[in-house]
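Asks: Please find target37.cif (mmCIF, C-alpha atoms) on the next line:
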```cif
data_model
loop_
_atom_site.group_PDB
_atom_site.id
_atom_site.type_symbol
_atom_site.label_atom_id
_atom_site.label_comp_id
_atom_site.auth_asym_id
_atom_site.auth_seq_id
_atom_site.Cartn_x
_atom_site.Cartn_y
_atom_site.Cartn_z
ATOM 1 C CA MET A 1 -171.279 64.771 26.639
ATOM 2 C CA SER A 2 -170.716 63.078 23.279
ATOM 3 C CA GLN A 3 -168.170 60.269 22.833
ATOM 4 C CA ALA A 4 -166.041 62.560 20.665
ATOM 5 C CA SER A 5 -165.905 65.414 23.144
ATOM 6 C CA ALA A 6 -165.327 63.077 26.090
ATOM 7 C CA ALA A 7 -162.479 61.477 24.172
ATOM 8 C CA ALA A 8 -161.054 64.903 23.371
ATOM 9 C CA ALA A 9 -161.247 65.870 27.032
ATOM 10 C CA ASP A 10 -159.665 62.574 28.023
ATOM 11 C CA ALA A 11 -156.809 63.027 25.589
ATOM 12 C CA ASP A 12 -155.813 66.215 27.409
ATOM 13 C CA VAL A 13 -155.882 64.665 30.888
ATOM 14 C CA GLY A 14 -152.371 64.386 32.270
ATOM 15 C CA SER A 15 -151.085 61.919 34.828
ATOM 16 C CA TYR A 16 -152.243 64.196 37.673
ATOM 17 C CA GLY A 17 -155.892 63.795 36.712
ATOM 18 C CA THR A 18 -156.303 67.319 35.422
ATOM 19 C CA SER A 19 -155.969 69.023 32.067
ATOM 20 C CA ASN A 20 -152.374 69.724 31.029
ATOM 21 C CA ARG A 21 -153.342 73.137 29.651
ATOM 22 C CA LYS A 22 -154.963 74.093 32.950
ATOM 23 C CA MET A 23 -151.923 72.955 34.895
ATOM 24 C CA VAL A 24 -149.589 75.001 32.696
ATOM 25 C CA MET A 25 -151.793 78.054 33.194
ATOM 26 C CA TRP A 26 -151.734 77.618 36.980
ATOM 27 C CA ALA A 27 -147.927 77.250 36.882
ATOM 28 C CA PHE A 28 -147.731 80.434 34.811
ATOM 29 C CA ILE A 29 -150.018 82.234 37.274
ATOM 30 C CA GLY A 30 -147.720 81.071 40.072
ATOM 31 C CA SER A 31 -144.710 82.613 38.319
ATOM 32 C CA GLU A 32 -146.683 85.812 37.762
ATOM 33 C CA CYS A 33 -147.429 85.954 41.498
ATOM 34 C CA MET A 34 -143.695 86.035 42.168
ATOM 35 C CA PHE A 35 -143.183 88.694 39.505
ATOM 36 C CA PHE A 36 -145.787 90.984 41.072
ATOM 37 C CA ALA A 37 -144.475 90.189 44.561
ATOM 38 C CA SER A 38 -141.111 91.683 43.582
ATOM 39 C CA LEU A 39 -142.791 94.836 42.236
ATOM 40 C CA ILE A 40 -145.058 95.134 45.294
ATOM 41 C CA SER A 41 -142.119 94.692 47.664
ATOM 42 C CA ALA A 42 -140.228 97.477 45.843
ATOM 43 C CA TYR A 43 -143.281 99.741 46.219
ATOM 44 C CA VAL A 44 -143.664 98.911 49.920
ATOM 45 C CA VAL A 45 -139.953 99.356 50.672
ATOM 46 C CA TYR A 46 -139.971 102.836 49.105
ATOM 47 C CA MET A 47 -143.300 103.925 50.600
ATOM 48 C CA GLY A 48 -142.906 107.319 52.258
ATOM 49 C CA GLN A 49 -139.273 107.634 51.125
ATOM 50 C CA SER A 50 -139.776 110.290 48.427
ATOM 51 C CA GLN A 51 -137.678 113.404 49.038
ATOM 52 C CA THR A 52 -139.807 115.629 46.813
ATOM 53 C CA GLY A 53 -143.491 115.800 45.920
ATOM 54 C CA PRO A 54 -146.023 115.127 44.696
ATOM 55 C CA TYR A 55 -146.743 112.584 47.411
ATOM 56 C CA PRO A 56 -149.405 109.834 47.323
ATOM 57 C CA ALA A 57 -151.823 111.775 49.532
ATOM 58 C CA ASP A 58 -151.601 114.759 47.128
ATOM 59 C CA LEU A 59 -152.747 112.752 44.125
ATOM 60 C CA LEU A 60 -154.430 109.430 44.857
ATOM 61 C CA SER A 61 -158.216 109.596 44.676
ATOM 62 C CA VAL A 62 -159.864 106.773 46.617
ATOM 63 C CA PRO A 63 -163.444 107.523 45.372
ATOM 64 C CA PHE A 64 -162.327 107.423 41.729
ATOM 65 C CA ILE A 65 -160.298 104.239 42.068
ATOM 66 C CA THR A 66 -163.072 102.562 44.069
ATOM 67 C CA VAL A 67 -165.329 102.902 41.022
ATOM 68 C CA THR A 68 -162.762 101.369 38.646
ATOM 69 C CA THR A 69 -162.013 98.647 41.216
ATOM 70 C CA PHE A 70 -165.709 97.796 41.358
ATOM 71 C CA VAL A 71 -165.788 97.625 37.552
ATOM 72 C CA LEU A 72 -162.859 95.169 37.497
ATOM 73 C CA LEU A 73 -164.417 93.036 40.249
ATOM 74 C CA MET A 74 -167.654 92.833 38.296
ATOM 75 C CA SER A 75 -165.719 91.799 35.187
ATOM 76 C CA SER A 76 -164.702 88.685 37.134
ATOM 77 C CA LEU A 77 -168.398 87.982 37.700
ATOM 78 C CA THR A 78 -169.198 88.376 33.998
ATOM 79 C CA MET A 79 -166.242 86.077 33.249
ATOM 80 C CA VAL A 80 -167.635 83.193 35.322
ATOM 81 C CA LEU A 81 -171.117 83.816 33.938
ATOM 82 C CA ALA A 82 -169.629 83.627 30.435
ATOM 83 C CA LEU A 83 -167.911 80.325 31.213
ATOM 84 C CA SER A 84 -171.092 78.947 32.738
ATOM 85 C CA ALA A 85 -173.134 79.971 29.659
ATOM 86 C CA VAL A 86 -170.599 78.461 27.230
ATOM 87 C CA GLN A 87 -170.523 75.202 29.228
ATOM 88 C CA ARG A 88 -174.336 75.046 29.142
ATOM 89 C CA GLY A 89 -174.322 75.714 25.416
ATOM 90 C CA ASP A 90 -176.278 78.958 25.909
ATOM 91 C CA ARG A 91 -174.952 80.883 22.899
ATOM 92 C CA LYS A 92 -176.911 84.080 23.474
ATOM 93 C CA MET A 93 -175.813 84.620 27.074
ATOM 94 C CA GLY A 94 -172.328 83.374 26.249
ATOM 95 C CA ARG A 95 -172.037 86.053 23.575
ATOM 96 C CA ILE A 96 -173.220 88.783 25.957
ATOM 97 C CA TRP A 97 -171.001 87.863 28.908
ATOM 98 C CA LEU A 98 -167.958 87.155 26.727
ATOM 99 C CA PHE A 99 -168.268 90.679 25.357
ATOM 100 C CA MET A 100 -169.010 92.338 28.699
ATOM 101 C CA THR A 101 -165.884 90.921 30.347
ATOM 102 C CA PRO A 102 -163.228 92.615 28.163
ATOM 103 C CA PHE A 103 -165.495 95.656 27.823
ATOM 104 C CA LEU A 104 -165.409 96.158 31.611
ATOM 105 C CA GLY A 105 -161.645 95.556 31.466
ATOM 106 C CA ALA A 106 -161.408 98.310 28.849
ATOM 107 C CA VAL A 107 -163.400 100.649 31.123
ATOM 108 C CA PHE A 108 -160.899 99.937 33.903
ATOM 109 C CA LEU A 109 -158.043 100.742 31.518
ATOM 110 C CA VAL A 110 -159.652 104.026 30.486
ATOM 111 C CA GLY A 111 -159.820 104.893 34.192
ATOM 112 C CA GLN A 112 -156.122 104.116 34.501
ATOM 113 C CA VAL A 113 -155.269 106.316 31.503
ATOM 114 C CA ILE A 114 -157.303 109.175 33.006
ATOM 115 C CA GLU A 115 -155.498 108.719 36.332
ATOM 116 C CA PHE A 116 -152.024 108.560 34.758
ATOM 117 C CA THR A 117 -152.705 111.643 32.616
ATOM 118 C CA HIS A 118 -153.915 113.600 35.640
ATOM 119 C CA PHE A 119 -150.879 112.583 37.705
ATOM 120 C CA TRP A 120 -148.527 113.470 34.848
ATOM 121 C CA HIS A 121 -150.031 116.962 34.574
ATOM 122 C CA GLU A 122 -149.666 117.362 38.353
ATOM 123 C CA GLY A 123 -145.938 116.739 37.998
ATOM 124 C CA LEU A 124 -145.640 113.054 38.860
ATOM 125 C CA THR A 125 -143.381 111.640 36.174
ATOM 126 C CA LEU A 126 -141.593 108.291 36.137
ATOM 127 C CA SER A 127 -138.391 109.932 37.370
ATOM 128 C CA GLN A 128 -139.867 112.653 39.627
ATOM 129 C CA ASN A 129 -139.487 110.697 42.863
ATOM 130 C CA LEU A 130 -139.545 107.172 44.320
ATOM 131 C CA PHE A 131 -143.336 107.224 44.492
ATOM 132 C CA GLY A 132 -143.598 108.058 40.779
ATOM 133 C CA THR A 133 -141.144 105.341 39.742
ATOM 134 C CA THR A 134 -142.623 102.548 41.843
ATOM 135 C CA PHE A 135 -146.253 103.590 41.264
ATOM 136 C CA TYR A 136 -146.020 103.766 37.472
ATOM 137 C CA ILE A 137 -143.995 100.546 37.204
ATOM 138 C CA LEU A 138 -146.358 98.576 39.451
ATOM 139 C CA THR A 139 -149.691 99.842 38.143
ATOM 140 C CA GLY A 140 -148.329 100.074 34.581
ATOM 141 C CA PHE A 141 -147.376 96.399 34.561
ATOM 142 C CA HIS A 142 -150.793 95.533 35.943
ATOM 143 C CA GLY A 143 -152.432 97.641 33.243
ATOM 144 C CA ALA A 144 -150.344 95.837 30.600
ATOM 145 C CA HIS A 145 -151.619 92.524 31.953
ATOM 146 C CA VAL A 146 -155.228 93.759 31.813
ATOM 147 C CA THR A 147 -154.622 94.878 28.209
ATOM 148 C CA VAL A 148 -153.324 91.426 27.218
ATOM 149 C CA ALA A 149 -156.229 89.757 29.022
ATOM 150 C CA ALA A 150 -158.755 92.059 27.299
ATOM 151 C CA ILE A 151 -157.291 91.342 23.835
ATOM 152 C CA TRP A 152 -157.404 87.620 24.637
ATOM 153 C CA MET A 153 -161.025 87.823 25.793
ATOM 154 C CA PHE A 154 -162.127 89.866 22.767
ATOM 155 C CA SER A 155 -160.516 87.134 20.618
ATOM 156 C CA ILE A 156 -162.457 84.465 22.516
ATOM 157 C CA TRP A 157 -165.659 86.471 22.034
ATOM 158 C CA TRP A 158 -164.944 86.688 18.285
ATOM 159 C CA LEU A 159 -164.245 82.937 18.051
ATOM 160 C CA HIS A 160 -167.471 82.261 19.945
ATOM 161 C CA LEU A 161 -169.369 84.514 17.531
ATOM 162 C CA LYS A 162 -167.942 82.533 14.615
ATOM 163 C CA GLY A 163 -169.014 79.294 16.282
ATOM 164 C CA ASP A 164 -165.468 78.046 16.887
ATOM 165 C CA ILE A 165 -166.007 77.966 20.657
ATOM 166 C CA THR A 166 -168.783 75.763 21.942
ATOM 167 C CA GLU A 167 -169.486 73.671 25.031
ATOM 168 C CA GLU A 168 -167.208 71.019 23.492
ATOM 169 C CA ASN A 169 -164.089 73.191 23.921
ATOM 170 C CA ALA A 170 -165.241 75.378 26.827
ATOM 171 C CA GLU A 171 -161.900 74.774 28.530
ATOM 172 C CA THR A 172 -160.433 77.413 26.206
ATOM 173 C CA VAL A 173 -162.719 79.945 27.904
ATOM 174 C CA GLU A 174 -161.891 78.567 31.349
ATOM 175 C CA ILE A 175 -158.141 78.985 30.794
ATOM 176 C CA ALA A 176 -158.535 82.545 29.522
ATOM 177 C CA GLY A 177 -160.766 83.104 32.542
ATOM 178 C CA LEU A 178 -158.046 81.963 34.927
ATOM 179 C CA TYR A 179 -155.768 84.692 33.548
ATOM 180 C CA TRP A 180 -158.596 87.223 33.768
ATOM 181 C CA HIS A 181 -159.243 86.407 37.424
ATOM 182 C CA PHE A 182 -155.517 86.585 38.094
ATOM 183 C CA VAL A 183 -155.342 90.231 37.000
ATOM 184 C CA ASP A 184 -158.334 90.807 39.258
ATOM 185 C CA ILE A 185 -156.686 89.282 42.347
ATOM 186 C CA VAL A 186 -153.527 91.299 41.696
ATOM 187 C CA TRP A 187 -155.649 94.443 41.671
ATOM 188 C CA ILE A 188 -157.330 93.412 44.939
ATOM 189 C CA VAL A 189 -153.857 93.565 46.504
ATOM 190 C CA LEU A 190 -152.757 96.759 44.708
ATOM 191 C CA PHE A 191 -155.950 98.618 45.615
ATOM 192 C CA THR A 192 -155.331 97.934 49.299
ATOM 193 C CA VAL A 193 -151.566 98.487 49.353
ATOM 194 C CA ILE A 194 -151.336 101.562 47.103
ATOM 195 C CA TYR A 195 -154.569 103.414 47.768
ATOM 196 C CA LEU A 196 -155.946 102.397 51.153
ATOM 197 C CA MET A 197 -152.565 102.205 52.910
ATOM 198 C CA MET A 198 -151.216 105.435 51.412
ATOM 199 C CA ASP A 199 -150.893 107.149 54.816
ATOM 200 C CA VAL A 200 -149.163 104.240 56.581
ATOM 201 C CA MET B 1 -164.273 54.650 27.714
ATOM 202 C CA THR B 2 -164.729 53.737 31.350
ATOM 203 C CA ASP B 3 -167.205 55.353 33.741
ATOM 204 C CA GLN B 4 -164.292 56.852 35.649
ATOM 205 C CA SER B 5 -162.797 58.471 32.575
ATOM 206 C CA HIS B 6 -166.244 59.790 31.667
ATOM 207 C CA ALA B 7 -166.443 61.323 35.130
ATOM 208 C CA GLU B 8 -163.018 62.881 34.699
ATOM 209 C CA ALA B 9 -163.949 64.255 31.303
ATOM 210 C CA ALA B 10 -167.140 65.713 32.760
ATOM 211 C CA ALA B 11 -165.148 67.312 35.539
ATOM 212 C CA HIS B 12 -162.883 68.843 32.895
ATOM 213 C CA ALA B 13 -165.827 70.303 31.100
ATOM 214 C CA GLY B 14 -166.524 72.140 34.354
ATOM 215 C CA GLU B 15 -169.828 70.471 35.055
ATOM 216 C CA ASP B 16 -169.031 70.451 38.782
ATOM 217 C CA HIS B 17 -168.576 74.220 38.970
ATOM 218 C CA PRO B 18 -170.792 76.312 41.280
ATOM 219 C CA SER B 19 -174.144 77.646 40.077
ATOM 220 C CA ASN B 20 -174.734 81.200 38.849
ATOM 221 C CA ARG B 21 -176.523 81.907 42.139
ATOM 222 C CA VAL B 22 -173.287 81.141 44.010
ATOM 223 C CA TYR B 23 -171.310 83.375 41.627
ATOM 224 C CA LEU B 24 -173.727 86.264 42.212
ATOM 225 C CA GLY B 25 -173.474 85.733 45.971
ATOM 226 C CA VAL B 26 -169.671 85.808 45.846
ATOM 227 C CA ALA B 27 -169.735 88.976 43.701
ATOM 228 C CA GLY B 28 -172.065 90.568 46.260
ATOM 229 C CA ILE B 29 -169.708 89.701 49.118
ATOM 230 C CA LEU B 30 -166.770 91.121 47.123
ATOM 231 C CA ALA B 31 -168.661 94.368 46.564
ATOM 232 C CA VAL B 32 -169.601 94.627 50.265
ATOM 233 C CA LEU B 33 -166.024 93.915 51.383
ATOM 234 C CA THR B 34 -164.711 96.591 49.012
ATOM 235 C CA ALA B 35 -167.217 99.091 50.397
ATOM 236 C CA LEU B 36 -166.178 98.156 53.952
ATOM 237 C CA GLU B 37 -162.494 98.606 53.070
ATOM 238 C CA VAL B 38 -163.158 102.119 51.793
ATOM 239 C CA MET B 39 -165.327 102.908 54.823
ATOM 240 C CA VAL B 40 -162.589 101.758 57.208
ATOM 241 C CA PHE B 41 -160.103 103.954 55.331
ATOM 242 C CA TYR B 42 -162.195 107.056 56.088
ATOM 243 C CA VAL B 43 -162.922 106.306 59.765
ATOM 244 C CA GLU B 44 -160.329 108.229 61.757
ATOM 245 C CA ALA B 45 -160.890 106.211 64.951
ATOM 246 C CA LEU B 46 -159.823 103.001 63.187
ATOM 247 C CA SER B 47 -156.493 104.345 61.918
ATOM 248 C CA PRO B 48 -154.395 102.523 64.595
ATOM 249 C CA VAL B 49 -155.785 99.173 63.383
ATOM 250 C CA LEU B 50 -156.250 100.159 59.758
ATOM 251 C CA VAL B 51 -153.581 97.870 58.271
ATOM 252 C CA PRO B 52 -154.634 94.634 60.028
ATOM 253 C CA ILE B 53 -158.297 95.214 59.166
ATOM 254 C CA LEU B 54 -157.484 95.967 55.530
ATOM 255 C CA MET B 55 -155.192 92.936 55.296
ATOM 256 C CA VAL B 56 -157.905 90.597 56.595
ATOM 257 C CA MET B 57 -160.463 91.945 54.121
ATOM 258 C CA MET B 58 -157.960 91.872 51.254
ATOM 259 C CA ILE B 59 -157.052 88.222 51.978
ATOM 260 C CA GLY B 60 -160.759 87.384 52.218
ATOM 261 C CA LYS B 61 -161.490 88.900 48.799
ATOM 262 C CA PHE B 62 -158.424 87.238 47.300
ATOM 263 C CA ALA B 63 -159.456 83.830 48.652
ATOM 264 C CA LEU B 64 -163.055 84.193 47.435
ATOM 265 C CA VAL B 65 -161.963 84.905 43.855
ATOM 266 C CA VAL B 66 -159.409 82.078 43.857
ATOM 267 C CA MET B 67 -161.717 79.490 45.424
ATOM 268 C CA TYR B 68 -164.994 80.269 43.647
ATOM 269 C CA PHE B 69 -164.262 82.202 40.437
ATOM 270 C CA MET B 70 -161.038 80.309 39.650
ATOM 271 C CA HIS B 71 -162.635 77.064 40.910
ATOM 272 C CA LEU B 72 -159.613 76.056 42.972
ATOM 273 C CA LYS B 73 -162.019 74.799 45.650
ATOM 274 C CA ASP B 74 -163.290 72.060 43.333
ATOM 275 C CA ASP B 75 -160.215 71.420 41.173
ATOM 276 C CA PRO B 76 -157.617 68.692 41.834
ATOM 277 C CA GLY B 77 -155.193 69.297 44.717
ATOM 278 C CA ILE B 78 -152.197 69.477 42.397
ATOM 279 C CA LEU B 79 -153.437 72.861 41.112
ATOM 280 C CA THR B 80 -153.905 74.138 44.667
ATOM 281 C CA GLY B 81 -150.365 72.957 45.436
ATOM 282 C CA LEU B 82 -148.956 74.708 42.373
ATOM 283 C CA PHE B 83 -150.633 77.984 43.268
ATOM 284 C CA THR B 84 -150.147 78.010 47.032
ATOM 285 C CA GLY B 85 -146.501 76.959 46.634
ATOM 286 C CA ALA B 86 -145.821 79.924 44.345
ATOM 287 C CA LEU B 87 -147.912 82.227 46.524
ATOM 288 C CA THR B 88 -145.877 81.221 49.579
ATOM 289 C CA VAL B 89 -142.652 82.117 47.768
ATOM 290 C CA ALA B 90 -144.217 85.394 46.602
ATOM 291 C CA THR B 91 -145.280 86.283 50.152
ATOM 292 C CA ALA B 92 -141.812 85.366 51.429
ATOM 293 C CA ILE B 93 -140.284 87.750 48.860
ATOM 294 C CA VAL B 94 -142.367 90.648 50.178
ATOM 295 C CA ILE B 95 -141.651 89.823 53.842
ATOM 296 C CA ALA B 96 -137.926 89.347 53.167
ATOM 297 C CA MET B 97 -137.689 92.688 51.370
ATOM 298 C CA MET B 98 -139.550 94.468 54.181
ATOM 299 C CA ALA B 99 -137.220 92.852 56.722
ATOM 300 C CA LEU B 100 -134.120 93.694 54.698
ATOM 301 C CA TYR B 101 -135.073 97.373 54.450
ATOM 302 C CA GLU B 102 -136.788 97.498 57.870
ATOM 303 C CA ARG B 103 -139.960 98.799 56.250
ATOM 304 C CA PHE B 104 -142.758 96.926 57.942
ATOM 305 C CA VAL B 105 -146.183 98.323 57.140
ATOM 306 C CA ILE B 106 -147.858 95.813 59.446
#
```
I'd like the structure from this file rewritten - as structure tokens, please.
Replies:
Amino acid sequence: MSQASAAAADADVGSYGTSNRKMVMWAFIGSECMFFASLISAYVVYMGQSQTGPYPADLLSVPFITVTTFVLLMSSLTMVLALSAVQRGDRKMGRIWLFMTPFLGAVFLVGQVIEFTHFWHEGLTLSQNLFGTTFYILTGFHGAHVTVAAIWMFSIWWLHLKGDITEENAETVEIAGLYWHFVDIVWIVLFTVIYLMMDV
Amino acid sequence: MTDQSHAEAAAHAGEDHPSNRVYLGVAGILAVLTALEVMVFYVEALSPVLVPILMVMMIGKFALVVMYFMHLKDDPGILTGLFTGALTVATAIVIAMMALYERFVI
């Protein structure tokens, strides 16, 4: 590491021996955990309480969502590979993985749009029943987070293409990556609670 | 710049992060766990213990991503404290709501 980059990294080190930007991101992720916990608890409390259909078992497709879940999980892999490549100064692989990450996120979002459209045509609107309200709010907010993360990652990819992101400021990629992985861990919980526990 | 501050700066640049081989291994485990979750969902005989099994696998996947992909395993303890503190409150919110409405899924 050059003197300049080491000094730059040092300048950002707070009194707790870690980067201030990283600490703020972890604090933000902590607050987001509580936000999603409130939405998840509302979903769980109203599970099986709908008075009219369609009910979860009528609509939810585990095979379909397993594919999109796999896509999102693999986007977390491409994210860490991107960070690793940027830290090594491997521009070619960095460019590929930085593009693949939001691309896989976009594929997940397309899956969500297909699912929402199908459910809507089957009669599950936001106000149809408790399942519709809690399902759309919970998965919709998650989808909004994936959208923000994808826009952020495409921006990082663009900055990397222009040469504004290098191994010297790889922490920018790491922080965006923390947010990306956060939307992934939220989905790990939602996949289990909404889809695999639908008959509980 | 001292040796210690150089070491800190290097740590910030992520030079102590796991290798790509480790990342691929973790991704493989995540894929296998997801496949197992779906398999358990379809096995009728396991339905009485479905929720505990799914919860264990879900927590395992969650922990793998946080520890390896988010590097919490190697990062300073203050970050682990920030996250686990908030996660504890978040978990308490869910448990409190389930208790309040007597809707325990576990």
Asks: To one decimal place, how far is CA of Asp199 (chain A) from CA of Leu73 (chain A) in Å?
Replies: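 CA of Asp199 (chain A) sits 24.4 Å away from CA of Leu73 (chain A).
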Asks: Please produce, as JSON lines, a per-residue contact table for chain B versus chain A (criterion: any atom at most 6 Å away, all atoms listed in the file considered), showing the nearest atom pair and its distance in Å to one decimal, sorted by chain then residue number.
Replies:
```
{"residue": "B:Ala9", "atom": "CA", "partner": "A:Ala9", "partner_atom": "CA", "distance": 5.3}
{"residue": "B:Phe62", "atom": "CA", "partner": "A:Ile185", "partner_atom": "CA", "distance": 5.6}
{"residue": "B:Met70", "atom": "CA", "partner": "A:Leu178", "partner_atom": "CA", "distance": 5.8}
{"residue": "B:Phe83", "atom": "CA", "partner": "A:Gly30", "partner_atom": "CA", "distance": 5.3}
{"residue": "B:Ala86", "atom": "CA", "partner": "A:Gly30", "partner_atom": "CA", "distance": 4.8}
{"residue": "B:Ala90", "atom": "CA", "partner": "A:Met34", "partner_atom": "CA", "distance": 4.5}
{"residue": "B:Val94", "atom": "CA", "partner": "A:Ser41", "partner_atom": "CA", "distance": 4.8}
{"residue": "B:Arg103", "atom": "CA", "partner": "A:Val45", "partner_atom": "CA", "distance": 5.6}
```
Asks: Can you pull out every residue within 9 Å of Asp75 (chain B), counting only C-alpha atoms, but drop anything in the same chain fewer than 4 positions away, and send it as a list in words?
Replies: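 The residues that qualify are Thr18 of chain A; Ala11, His71, Leu79 and Thr80 of chain B.
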Asks: Could you spell out the hits of the PyMOL selection byres ((chain B and resi 50) around 9) on the shown file, as a ChimeraX atom specification?
Replies: /A:196-197,200 /B:40-41,46-49,51-55
Asks: Please list as a PyMOL selection string every residue within 10 Å of Asp58 (chain A), counting only C-alpha atoms and excluding residues in the same chain fewer than 4 positions away.
Replies: chain A and resi 53-54+119+122
Asks: Report, in Å with one decimal, the straight-line distance from CA of Gly132 (chain A) to CA of Thr52 (chain A).
Replies: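 Atom-to-atom, CA of Gly132 (chain A) and CA of Thr52 (chain A) are spaced 10.4 Å apart.
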Asks: Which residue, B:Leu64, B:Val89, B:Leu100, B:Met57, has the smallest gap to Leu36 (chain B) when you use all atoms listed in the file?
Replies: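 Closest residue, counting all atoms listed in the file: B:Met57.
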Asks: Could you expand the PyMOL selection byres ((chain A and resi 99) around 12) into the explicit residues it covers here, written as a PDB file with C-alpha atoms, keeping the file's coordinate frame?
Replies:
```
ATOM      1  CA  SER A  75    -165.719  91.799  35.187  1.00  0.00           C
ATOM      2  CA  THR A  78    -169.198  88.376  33.998  1.00  0.00           C
ATOM      3  CA  MET A  79    -166.242  86.077  33.249  1.00  0.00           C
ATOM      4  CA  LEU A  81    -171.117  83.816  33.938  1.00  0.00           C
ATOM      5  CA  ALA A  82    -169.629  83.627  30.435  1.00  0.00           C
ATOM      6  CA  LEU A  83    -167.911  80.325  31.213  1.00  0.00           C
ATOM      7  CA  LYS A  92    -176.911  84.080  23.474  1.00  0.00           C
ATOM      8  CA  MET A  93    -175.813  84.620  27.074  1.00  0.00           C
ATOM      9  CA  GLY A  94    -172.328  83.374  26.249  1.00  0.00           C
ATOM     10  CA  ARG A  95    -172.037  86.053  23.575  1.00  0.00           C
ATOM     11  CA  ILE A  96    -173.220  88.783  25.957  1.00  0.00           C
ATOM     12  CA  TRP A  97    -171.001  87.863  28.908  1.00  0.00           C
ATOM     13  CA  LEU A  98    -167.958  87.155  26.727  1.00  0.00           C
ATOM     14  CA  MET A 100    -169.010  92.338  28.699  1.00  0.00           C
ATOM     15  CA  THR A 101    -165.884  90.921  30.347  1.00  0.00           C
ATOM     16  CA  PRO A 102    -163.228  92.615  28.163  1.00  0.00           C
ATOM     17  CA  PHE A 103    -165.495  95.656  27.823  1.00  0.00           C
ATOM     18  CA  LEU A 104    -165.409  96.158  31.611  1.00  0.00           C
ATOM     19  CA  GLY A 105    -161.645  95.556  31.466  1.00  0.00           C
ATOM     20  CA  ALA A 106    -161.408  98.310  28.849  1.00  0.00           C
ATOM     21  CA  ALA A 150    -158.755  92.059  27.299  1.00  0.00           C
ATOM     22  CA  ILE A 151    -157.291  91.342  23.835  1.00  0.00           C
ATOM     23  CA  TRP A 152    -157.404  87.620  24.637  1.00  0.00           C
ATOM     24  CA  MET A 153    -161.025  87.823  25.793  1.00  0.00           C
ATOM     25  CA  PHE A 154    -162.127  89.866  22.767  1.00  0.00           C
ATOM     26  CA  SER A 155    -160.516  87.134  20.618  1.00  0.00           C
ATOM     27  CA  ILE A 156    -162.457  84.465  22.516  1.00  0.00           C
ATOM     28  CA  TRP A 157    -165.659  86.471  22.034  1.00  0.00           C
ATOM     29  CA  TRP A 158    -164.944  86.688  18.285  1.00  0.00           C
ATOM     30  CA  LEU A 159    -164.245  82.937  18.051  1.00  0.00           C
ATOM     31  CA  HIS A 160    -167.471  82.261  19.945  1.00  0.00           C
ATOM     32  CA  LEU A 161    -169.369  84.514  17.531  1.00  0.00           C
TER      33      LEU A 161
END
```
Asks: With all atoms listed in the file as the basis for distance, which of B:Leu82, B:Val56, B:Met67, B:Met98 is at the shortest distance from Leu33 (chain B)?
Replies: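 Checking each candidate against Leu33 (chain B), we get B:Val56 as the closest.
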Asks: Could you tell me which residues the PyMOL selection byres ((chain A and resi 137) around 12) grabs in this file, written as a PDB file with C-alpha atoms, in the coordinates of the input?
Replies:
```
ATOM      1  CA  PHE A  36    -145.787  90.984  41.072  1.00  0.00           C
ATOM      2  CA  SER A  38    -141.111  91.683  43.582  1.00  0.00           C
ATOM      3  CA  LEU A  39    -142.791  94.836  42.236  1.00  0.00           C
ATOM      4  CA  ILE A  40    -145.058  95.134  45.294  1.00  0.00           C
ATOM      5  CA  ALA A  42    -140.228  97.477  45.843  1.00  0.00           C
ATOM      6  CA  TYR A  43    -143.281  99.741  46.219  1.00  0.00           C
ATOM      7  CA  PHE A 116    -152.024 108.560  34.758  1.00  0.00           C
ATOM      8  CA  THR A 125    -143.381 111.640  36.174  1.00  0.00           C
ATOM      9  CA  LEU A 126    -141.593 108.291  36.137  1.00  0.00           C
ATOM     10  CA  SER A 127    -138.391 109.932  37.370  1.00  0.00           C
ATOM     11  CA  LEU A 130    -139.545 107.172  44.320  1.00  0.00           C
ATOM     12  CA  PHE A 131    -143.336 107.224  44.492  1.00  0.00           C
ATOM     13  CA  GLY A 132    -143.598 108.058  40.779  1.00  0.00           C
ATOM     14  CA  THR A 133    -141.144 105.341  39.742  1.00  0.00           C
ATOM     15  CA  THR A 134    -142.623 102.548  41.843  1.00  0.00           C
ATOM     16  CA  PHE A 135    -146.253 103.590  41.264  1.00  0.00           C
ATOM     17  CA  TYR A 136    -146.020 103.766  37.472  1.00  0.00           C
ATOM     18  CA  LEU A 138    -146.358  98.576  39.451  1.00  0.00           C
ATOM     19  CA  THR A 139    -149.691  99.842  38.143  1.00  0.00           C
ATOM     20  CA  GLY A 140    -148.329 100.074  34.581  1.00  0.00           C
ATOM     21  CA  PHE A 141    -147.376  96.399  34.561  1.00  0.00           C
ATOM     22  CA  HIS A 142    -150.793  95.533  35.943  1.00  0.00           C
ATOM     23  CA  GLY A 143    -152.432  97.641  33.243  1.00  0.00           C
ATOM     24  CA  ALA A 144    -150.344  95.837  30.600  1.00  0.00           C
TER      25      ALA A 144
END
```
Asks: In Å, with one decimal, what is the gap from CA of Val43 (chain B) to CA of Leu60 (chain A)?
Replies: 17.4 Å
Asks: Taking every listed atom of region 62-65 of chain B and adding 8 Å to each side, what centre and edge lengths in Å (one decimal) does the axis-aligned box have, as lines of an AutoDock Vina configuration file?
Replies:
```
center_x = -160.7
center_y = 85.5
center_z = 46.3
size_x = 20.6
size_y = 19.4
size_z = 20.8
```
